[in-house]
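Next up, structure35.cif (mmCIF, C-alpha atoms and all ligand atoms):
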```
data_query
#
loop_
_atom_site.label_atom_id
_atom_site.label_comp_id
_atom_site.auth_asym_id
_atom_site.auth_seq_id
_atom_site.Cartn_x
_atom_site.Cartn_y
_atom_site.Cartn_z
CA MET C 1 -3.30 25.45 -4.70
CA LEU C 2 -3.97 22.61 -7.12
CA ALA C 3 -5.86 19.62 -5.68
CA TYR C 4 -7.00 16.47 -7.47
CA THR C 5 -10.61 16.11 -6.36
CA TYR C 6 -13.24 13.34 -6.25
CA LYS C 7 -16.39 14.76 -7.82
CA GLY C 8 -18.59 11.65 -7.58
CA LYS C 9 -18.65 8.19 -9.13
CA GLY C 10 -16.60 8.13 -12.31
CA GLU C 11 -15.04 11.59 -11.98
CA LEU C 12 -11.82 13.03 -10.58
CA ARG C 13 -10.79 16.57 -11.52
CA THR C 14 -8.04 19.07 -10.75
CA GLU C 15 -9.38 22.07 -8.83
CA GLU C 16 -8.08 25.20 -7.12
CA LYS C 17 -8.48 25.01 -3.33
CA PRO C 18 -7.13 27.11 -0.46
CA VAL C 19 -3.96 25.89 1.29
CA PRO C 20 -5.14 23.82 4.29
CA ARG C 21 -4.67 25.21 7.81
CA LEU C 22 -4.41 23.50 11.19
CA LYS C 23 -7.80 22.48 12.59
CA GLY C 24 -6.68 21.04 15.91
CA PRO C 25 -3.66 21.02 18.24
CA ARG C 26 -2.50 17.58 17.03
CA ASP C 27 -2.52 18.55 13.33
CA ALA C 28 0.37 19.39 11.04
CA VAL C 29 0.45 20.84 7.54
CA VAL C 30 2.87 19.29 5.08
CA LYS C 31 4.10 20.79 1.82
CA VAL C 32 4.00 17.79 -0.51
CA THR C 33 7.26 17.24 -2.39
CA LEU C 34 6.30 13.94 -4.06
CA ALA C 35 3.07 11.94 -4.20
CA SER C 36 1.75 9.01 -6.13
CA VAL C 37 -1.40 7.41 -7.42
CA CYS C 38 -2.67 4.17 -5.84
CA THR C 39 -5.13 1.51 -6.94
CA SER C 40 -7.32 2.63 -4.04
CA ASP C 41 -7.70 5.99 -5.80
CA VAL C 42 -8.95 4.07 -8.83
CA HIS C 43 -11.39 2.21 -6.55
CA ILE C 44 -12.64 5.60 -5.29
CA LYS C 45 -13.18 6.80 -8.84
CA HIS C 46 -15.18 3.65 -9.63
CA GLY C 47 -17.43 4.20 -6.63
CA ALA C 48 -16.06 1.06 -4.92
CA VAL C 49 -15.17 2.93 -1.72
CA PRO C 50 -18.54 3.80 -0.18
CA ARG C 51 -16.91 5.89 2.57
CA ALA C 52 -15.23 8.25 0.08
CA VAL C 53 -16.65 11.75 0.38
CA LYS C 54 -17.49 13.83 -2.69
CA GLY C 55 -15.32 16.92 -2.96
CA VAL C 56 -12.39 15.38 -1.12
CA THR C 57 -8.84 15.75 -2.45
CA VAL C 58 -7.64 12.22 -3.24
CA GLY C 59 -4.14 10.81 -2.67
CA HIS C 60 -2.73 9.05 0.36
CA GLU C 61 0.85 8.33 -0.69
CA MET C 62 3.05 11.35 -0.15
CA VAL C 63 6.21 12.70 1.36
CA GLY C 64 6.96 16.32 2.09
CA VAL C 65 8.20 18.97 4.47
CA VAL C 66 6.32 20.06 7.60
CA THR C 67 5.31 23.72 7.34
CA GLU C 68 3.04 24.10 10.38
CA VAL C 69 2.39 22.11 13.58
CA GLY C 70 -0.25 22.41 16.30
CA SER C 71 0.62 23.03 19.96
CA GLY C 72 0.04 19.36 20.80
CA VAL C 73 2.54 17.97 18.27
CA HIS C 74 5.84 16.85 19.82
CA ASP C 75 7.56 14.36 17.52
CA VAL C 76 7.83 16.37 14.31
CA ALA C 77 8.72 20.00 13.78
CA VAL C 78 8.52 22.61 11.04
CA GLY C 79 11.17 21.86 8.42
CA ASP C 80 11.26 18.08 8.99
CA ARG C 81 11.16 15.87 5.91
CA VAL C 82 8.41 13.34 6.57
CA CYS C 83 6.63 10.34 5.14
CA VAL C 84 2.84 10.44 5.59
CA ASN C 85 1.07 7.28 6.78
CA VAL C 86 -1.97 6.25 4.77
CA GLU C 87 -3.77 5.91 8.09
CA THR C 88 -4.21 8.58 10.69
CA PHE C 89 -4.67 7.22 14.19
CA CYS C 90 -5.08 8.55 17.70
CA GLY C 91 -2.60 6.15 19.31
CA GLU C 92 -4.81 5.90 22.41
CA CYS C 93 -7.98 3.90 21.69
CA TRP C 94 -8.37 0.14 22.32
CA PHE C 95 -7.41 -0.69 18.71
CA CYS C 96 -4.47 1.72 18.48
CA ARG C 97 -2.94 0.44 21.71
CA ARG C 98 -2.82 -3.03 20.13
CA GLY C 99 -1.40 -1.80 16.80
CA TYR C 100 -4.71 -2.24 14.95
CA VAL C 101 -4.55 1.34 13.79
CA ASN C 102 -6.65 0.74 10.68
CA ASN C 103 -9.62 0.45 13.02
CA CYS C 104 -8.80 3.44 15.19
CA THR C 105 -12.16 4.56 16.55
CA ASP C 106 -11.50 8.29 16.26
CA GLU C 107 -13.60 9.99 13.58
CA ASN C 108 -10.36 10.87 11.77
CA GLY C 109 -8.89 7.39 12.40
CA GLY C 110 -8.08 4.70 9.85
CA TRP C 111 -7.90 5.46 6.16
CA ALA C 112 -9.21 9.03 6.17
CA LEU C 113 -6.63 10.92 4.10
CA GLY C 114 -7.69 11.19 0.50
CA CYS C 115 -10.93 9.37 1.26
CA ARG C 116 -12.91 11.10 4.01
CA ILE C 117 -10.63 14.14 4.47
CA ASP C 118 -8.44 15.97 1.94
CA GLY C 119 -5.40 13.97 0.85
CA GLY C 120 -2.08 14.55 -0.81
CA LEU C 121 -2.46 14.77 -4.58
CA ALA C 122 -2.15 18.49 -3.93
CA GLU C 123 0.47 21.05 -3.02
CA TYR C 124 -0.24 20.86 0.72
CA VAL C 125 -2.02 18.43 3.02
CA ARG C 126 -3.29 18.72 6.59
CA VAL C 127 -2.50 15.61 8.63
CA PRO C 128 -4.43 14.97 11.87
CA PHE C 129 -2.53 13.13 14.66
CA ALA C 130 0.77 14.29 13.19
CA ASP C 131 2.81 12.52 15.88
CA THR C 132 1.54 9.10 14.79
CA GLY C 133 0.84 9.82 11.13
CA LEU C 134 4.14 11.44 10.17
CA THR C 135 7.53 9.75 10.29
CA ARG C 136 10.80 11.61 9.82
CA ILE C 137 12.72 10.39 6.77
CA PRO C 138 16.26 9.29 7.68
CA GLU C 139 19.22 11.25 6.35
CA GLY C 140 20.29 10.09 2.91
CA VAL C 141 16.91 8.56 1.94
CA GLY C 142 15.46 10.42 -1.05
CA ASP C 143 11.79 11.13 -1.70
CA GLU C 144 11.36 8.33 -4.24
CA LYS C 145 12.75 5.71 -1.85
CA ALA C 146 10.59 6.93 1.05
CA LEU C 147 7.39 7.63 -0.85
CA LEU C 148 5.78 4.19 -0.66
CA ALA C 149 6.67 3.51 2.98
CA GLY C 150 3.38 4.96 4.19
CA ASP C 151 1.03 2.87 2.06
CA VAL C 152 1.91 0.34 -0.65
CA LEU C 153 5.17 -0.75 0.92
CA ALA C 154 3.53 -0.62 4.35
CA THR C 155 0.90 -3.01 2.99
CA GLY C 156 3.55 -5.41 1.67
CA TYR C 157 5.41 -5.22 4.97
CA TRP C 158 2.21 -5.78 6.95
CA ALA C 159 1.24 -8.78 4.78
CA VAL C 160 4.57 -10.46 5.50
CA LYS C 161 4.39 -9.58 9.19
CA VAL C 162 0.89 -10.96 9.78
CA SER C 163 1.60 -14.03 7.64
CA GLY C 164 4.02 -15.14 10.35
CA GLN C 165 6.70 -15.87 7.73
CA GLU C 166 9.71 -17.71 9.13
CA ALA C 167 13.15 -18.32 7.63
CA GLY C 168 13.03 -21.22 5.17
CA ASP C 169 9.37 -20.76 4.20
CA THR C 170 8.10 -20.96 0.66
CA VAL C 171 6.20 -17.75 0.02
CA LEU C 172 3.70 -17.38 -2.80
CA VAL C 173 2.87 -13.83 -3.83
CA ILE C 174 -0.13 -13.58 -6.13
CA GLY C 175 -0.19 -10.53 -8.38
CA ALA C 176 2.91 -8.65 -9.53
CA GLY C 177 1.43 -5.19 -9.22
CA PRO C 178 2.91 -2.62 -6.84
CA VAL C 179 1.57 -4.23 -3.63
CA GLY C 180 2.65 -7.72 -4.72
CA LEU C 181 6.15 -6.56 -5.57
CA CYS C 182 6.45 -4.66 -2.29
CA ALA C 183 5.29 -7.79 -0.44
CA ALA C 184 7.83 -9.88 -2.33
CA ALA C 185 10.60 -7.37 -1.50
CA CYS C 186 9.69 -7.58 2.21
CA ALA C 187 9.41 -11.40 2.10
CA LYS C 188 12.91 -11.54 0.61
CA ILE C 189 14.40 -9.88 3.70
CA LYS C 190 13.17 -12.78 5.88
CA SER C 191 15.34 -15.46 4.23
CA PRO C 192 12.68 -17.55 2.50
CA CYS C 193 13.53 -20.86 0.87
CA ARG C 194 11.61 -19.82 -2.26
CA ILE C 195 9.63 -16.81 -3.40
CA ILE C 196 7.14 -17.56 -6.14
CA VAL C 197 5.40 -14.65 -7.83
CA CYS C 198 2.30 -15.70 -9.76
CA GLU C 199 1.15 -13.16 -12.33
CA GLU C 200 -1.02 -13.41 -15.40
CA LEU C 201 0.58 -10.66 -17.50
CA GLU C 202 3.87 -11.59 -19.13
CA GLU C 203 5.05 -7.98 -19.03
CA ARG C 204 4.56 -7.83 -15.26
CA ARG C 205 6.28 -11.20 -14.79
CA ALA C 206 9.30 -9.80 -16.64
CA PHE C 207 9.21 -6.66 -14.48
CA ALA C 208 9.03 -8.80 -11.32
CA LYS C 209 11.97 -10.93 -12.42
CA ALA C 210 14.11 -7.85 -13.08
CA PHE C 211 13.05 -6.34 -9.75
CA ILE C 212 13.61 -9.49 -7.64
CA PRO C 213 15.93 -11.83 -9.55
CA GLU C 214 15.70 -14.48 -6.78
CA ALA C 215 11.95 -14.88 -7.33
CA GLU C 216 10.39 -17.51 -9.58
CA CYS C 217 7.92 -15.59 -11.70
CA VAL C 218 5.25 -17.88 -13.07
CA SER C 219 1.91 -17.72 -14.87
CA PRO C 220 -1.31 -18.96 -13.23
CA ALA C 221 -1.32 -21.78 -15.83
CA ASP C 222 2.02 -23.07 -14.50
CA MET C 223 1.13 -22.62 -10.86
CA ALA C 224 -0.82 -25.88 -10.45
CA LYS C 225 2.16 -27.90 -11.69
CA ILE C 226 4.61 -26.03 -9.47
CA THR C 227 2.35 -26.53 -6.45
CA ARG C 228 2.40 -30.30 -6.96
CA SER C 229 6.20 -30.19 -6.83
CA LEU C 230 6.30 -28.34 -3.49
CA PRO C 231 7.23 -30.65 -0.61
CA ARG C 232 4.21 -29.89 1.57
CA GLY C 233 1.70 -29.62 -1.24
CA GLY C 234 1.63 -25.84 -1.44
CA ALA C 235 3.11 -22.61 -0.19
CA ASP C 236 3.69 -22.03 3.52
CA ARG C 237 2.55 -18.40 3.23
CA VAL C 238 0.32 -16.96 0.55
CA LEU C 239 0.15 -13.20 0.06
CA GLU C 240 -2.84 -12.44 -2.20
CA CYS C 241 -2.23 -9.10 -3.87
CA GLY C 242 -4.07 -9.72 -7.14
CA GLY C 243 -7.58 -8.59 -6.32
CA THR C 244 -9.42 -10.70 -8.90
CA GLU C 245 -11.71 -13.73 -8.67
CA GLN C 246 -8.95 -15.93 -10.13
CA SER C 247 -6.28 -14.64 -7.75
CA PHE C 248 -8.60 -15.13 -4.77
CA GLU C 249 -9.21 -18.73 -5.80
CA ALA C 250 -5.47 -19.30 -6.33
CA ALA C 251 -4.77 -18.00 -2.82
CA TRP C 252 -6.46 -20.88 -1.02
CA LYS C 253 -5.80 -23.49 -3.72
CA TYR C 254 -2.02 -23.11 -3.76
CA ALA C 255 -1.61 -22.88 0.00
CA ARG C 256 -0.41 -25.99 1.78
CA PRO C 257 -2.58 -27.40 4.58
CA ASN C 258 -2.35 -25.25 7.73
CA ALA C 259 -0.85 -22.36 5.78
CA SER C 260 -1.61 -18.72 6.40
CA VAL C 261 -3.28 -16.81 3.58
CA VAL C 262 -3.09 -13.04 3.75
CA ILE C 263 -5.61 -11.17 1.63
CA ALA C 264 -3.83 -7.87 1.07
CA ALA C 265 -5.78 -7.01 -2.08
CA ASN C 266 -9.02 -5.10 -2.27
CA TYR C 267 -11.81 -6.31 -4.57
CA GLU C 268 -14.48 -4.50 -6.49
CA ARG C 269 -16.92 -7.42 -5.89
CA PRO C 270 -17.59 -9.99 -3.14
CA GLN C 271 -15.57 -13.23 -3.36
CA VAL C 272 -16.71 -16.78 -2.64
CA LEU C 273 -15.02 -19.15 -0.22
CA PRO C 274 -16.02 -22.70 -1.26
CA LEU C 275 -15.86 -24.08 2.26
CA PRO C 276 -16.78 -27.69 1.38
CA ASP C 277 -13.77 -27.87 -0.98
CA MET C 278 -11.51 -26.34 1.63
CA TYR C 279 -12.72 -28.40 4.56
CA GLY C 280 -9.85 -30.12 6.33
CA LYS C 281 -7.23 -27.87 4.83
CA ASN C 282 -7.30 -25.82 8.02
CA LEU C 283 -6.16 -22.55 6.54
CA THR C 284 -5.80 -19.33 8.47
CA PHE C 285 -7.14 -16.32 6.54
CA ILE C 286 -6.06 -12.81 7.44
CA THR C 287 -7.76 -9.97 5.61
CA GLY C 288 -6.62 -6.39 4.85
CA GLY C 289 -6.30 -3.45 5.12
CA VAL C 290 -2.98 -2.59 6.40
CA ASP C 291 -2.29 -1.45 9.94
CA GLY C 292 0.07 1.31 8.89
CA CYS C 293 2.05 1.72 12.07
CA ASP C 294 5.46 0.38 11.03
CA CYS C 295 6.61 3.33 8.95
CA ALA C 296 9.68 3.99 11.12
CA GLU C 297 10.84 0.37 10.85
CA ILE C 298 10.24 0.37 7.08
CA LEU C 299 12.26 3.59 6.69
CA ARG C 300 15.01 1.98 8.78
CA LEU C 301 15.03 -1.04 6.44
CA ILE C 302 15.31 1.37 3.51
CA ALA C 303 18.13 3.36 5.12
CA GLU C 304 20.09 0.44 6.59
CA GLU C 305 19.08 -2.87 4.99
CA GLY C 306 18.90 -1.97 1.32
CA LEU C 307 15.11 -2.25 0.97
CA ASP C 308 14.43 -0.25 -2.19
CA VAL C 309 11.15 -0.25 -4.09
CA SER C 310 11.83 2.98 -5.97
CA PRO C 311 12.33 1.01 -9.24
CA LEU C 312 8.53 0.65 -9.21
CA PHE C 313 8.29 4.30 -10.30
CA THR C 314 8.15 3.88 -14.04
CA HIS C 315 6.74 7.36 -14.75
CA THR C 316 6.80 10.85 -13.20
CA PHE C 317 4.42 13.73 -13.94
CA PRO C 318 4.08 17.28 -12.61
CA LEU C 319 1.00 17.82 -10.42
CA ARG C 320 -0.63 19.99 -13.10
CA GLU C 321 -0.67 16.86 -15.28
CA VAL C 322 -2.07 14.55 -12.58
CA GLU C 323 -5.03 13.69 -14.81
CA ARG C 324 -2.64 12.24 -17.38
CA ALA C 325 -0.77 10.40 -14.63
CA PHE C 326 -4.01 8.91 -13.33
CA ALA C 327 -5.23 7.88 -16.79
CA LEU C 328 -1.94 6.13 -17.50
CA PHE C 329 -1.99 4.34 -14.13
CA GLU C 330 -5.60 3.29 -14.59
CA SER C 331 -5.00 2.03 -18.14
CA ARG C 332 -1.98 -0.07 -17.10
CA SER C 333 -0.46 0.78 -20.49
CA ASP C 334 3.12 1.71 -21.41
CA GLY C 335 4.53 -0.71 -18.83
CA VAL C 336 3.35 1.49 -15.98
CA MET C 337 3.83 0.21 -12.43
CA LYS C 338 3.68 3.33 -10.24
CA VAL C 339 3.48 6.99 -11.22
CA ALA C 340 5.13 9.68 -9.14
CA VAL C 341 3.48 13.10 -9.10
CA LYS C 342 5.57 16.15 -8.33
CA PRO C 343 3.89 19.35 -7.10
ZN ZN C 401 -3.17 3.07 -1.37
ZN ZN C 402 -7.09 5.11 17.85
#
```
For the file at hand, write its structure as structure tokens.
Ligand SMILES: [Zn+2]
Ligand SMILES: [Zn+2]
Amino acid sequence: MLAYTYKGKGELRTEEKPVPRLKGPRDAVVKVTLASVCTSDVHIKHGAVPRAVKGVTVGHEMVGVVTEVGSGVHDVAVGDRVCVNVETFCGECWFCRRGYVNNCTDENGGWALGCRIDGGLAEYVRVPFADTGLTRIPEGVGDEKALLAGDVLATGYWAVKVSGQEAGDTVLVIGAGPVGLCAAACAKIKSPCRIIVCEELEERRAFAKAFIPEAECVSPADMAKITRSLPRGGADRVLECGGTEQSFEAAWKYARPNASVVIAANYERPQVLPLPDMYGKNLTFITGGVDGCDCAEILRLIAEEGLDVSPLFTHTFPLREVERAFALFESRSDGVMKVAVKP
């Protein structure tokens, strides 16, 4: 089968690999029906994910149909349409029992798929801990609507959840890339007073406005002025999804005193917290990555509450053209937001 493979820093390549088989009783094999490329895959290519293993098939956003299950799998069966969680987790360790599945202590726990073990930019993928890592897709929800529920949308959902957002809050989302827009879509469900999306690129501001018409989509240059007009001197919740030095600085600057600041982005370099400048502001920082254990609830919101981030798919490519898909996504040209890849 075709598999998009990490060859070492700077290189990803399509290769022929054998179809994966079960390795343990809690595994399942999934025939991928739709996958997509994530910024984390770009981070792997750039060598910014030290844990990534050379030779691994990348890709951790996929939906598909179960083709094989181990004897210890009870919650999914052959033929089920499923969404794959970015994280695999045992469900039993100290962290898993508290929902901190990103830090599952099993050797296959946390973000393993497409990083430490073969992922889903391929025709088939083996998923360890299938009972926790696979979620059945509700009737009537298509692949495109379900595809992001295991990773990018899960991250947006998690950011809102851990921010403690309450009805009537002013929520500032920094960065109108896929994670930022998913976070804004999830924030919208919780009846905010205002959603402000701060984004440098005009094209992405326009995309955000079309995607969430209720949001105020502003440039970083306008953000200082808007912050002064907010009743409590800043946003109640800040969801930092930009991943740059400027967006990191904006995250604490535009938060009101005693706000929560969720750092959902990943960075290619360390960031500086100027603690003397922040002293007395009493912010609560919460850092990523996502605890991807809310896939069922997210799919329910999609099926029943109208949550729909499928407009983020601006382009679709066949798997044999995954290199083109990746290059387009990495270049951020042609108005690309997310690319879907179809095996
Ligand atoms: Zn991702
Ligand atoms: Zn665990």
Can you list every residue of chain C that has an atom at most 8 Å from ligand ZN 401 (chain C), with its nearest atom pair and the distance in Å to one decimal, using only C-alpha atoms and all ligand atoms, ordered by chain then number, as JSON lines?
```
{"residue": "C:Val37", "atom": "CA", "partner": "C:ZN401", "partner_atom": "ZN", "distance": 7.7}
{"residue": "C:Cys38", "atom": "CA", "partner": "C:ZN401", "partner_atom": "ZN", "distance": 4.6}
{"residue": "C:Thr39", "atom": "CA", "partner": "C:ZN401", "partner_atom": "ZN", "distance": 6.1}
{"residue": "C:Ser40", "atom": "CA", "partner": "C:ZN401", "partner_atom": "ZN", "distance": 5.0}
{"residue": "C:Asp41", "atom": "CA", "partner": "C:ZN401", "partner_atom": "ZN", "distance": 7.0}
{"residue": "C:Gly59", "atom": "CA", "partner": "C:ZN401", "partner_atom": "ZN", "distance": 7.9}
{"residue": "C:His60", "atom": "CA", "partner": "C:ZN401", "partner_atom": "ZN", "distance": 6.2}
{"residue": "C:Glu61", "atom": "CA", "partner": "C:ZN401", "partner_atom": "ZN", "distance": 6.7}
{"residue": "C:Val86", "atom": "CA", "partner": "C:ZN401", "partner_atom": "ZN", "distance": 7.0}
{"residue": "C:Asp151", "atom": "CA", "partner": "C:ZN401", "partner_atom": "ZN", "distance": 5.4}
{"residue": "C:Val152", "atom": "CA", "partner": "C:ZN401", "partner_atom": "ZN", "distance": 5.8}
```
* Could you list, as a list in words, all the residues within 6 Å of ligand ZN 402 (chain C), counting all atoms listed in the file? ->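 Residues lying within 6 Å of ligand ZN 402 (chain C): Phe89, Cys90, Gly91, Glu92, Cys93, Phe95, Cys96, Cys104, Thr105 and Asp106 of chain C.
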* To do: Go through C:Gln165, C:Gln271, C:Ser260, C:Ser247 and flag the residue nearest Val197 (chain C), using only C-alpha atoms for the distances.
  =>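 Once distances to Val197 (chain C) are computed over only C-alpha atoms, the minimum belongs to C:Ser247.
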* Asked: Separation of CA of Pro318 (chain C) and CA of Thr33 (chain C), in Å?
  ->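 Computing it gives 10.7 Å between the two atoms.
By all atoms listed in the file, and with residues fewer than 6 positions from Ala35 (chain C) along its chain excluded, the set lying at most 6 Å from it is C:Glu61, C:Met62, C:Ala340, C:Val341.
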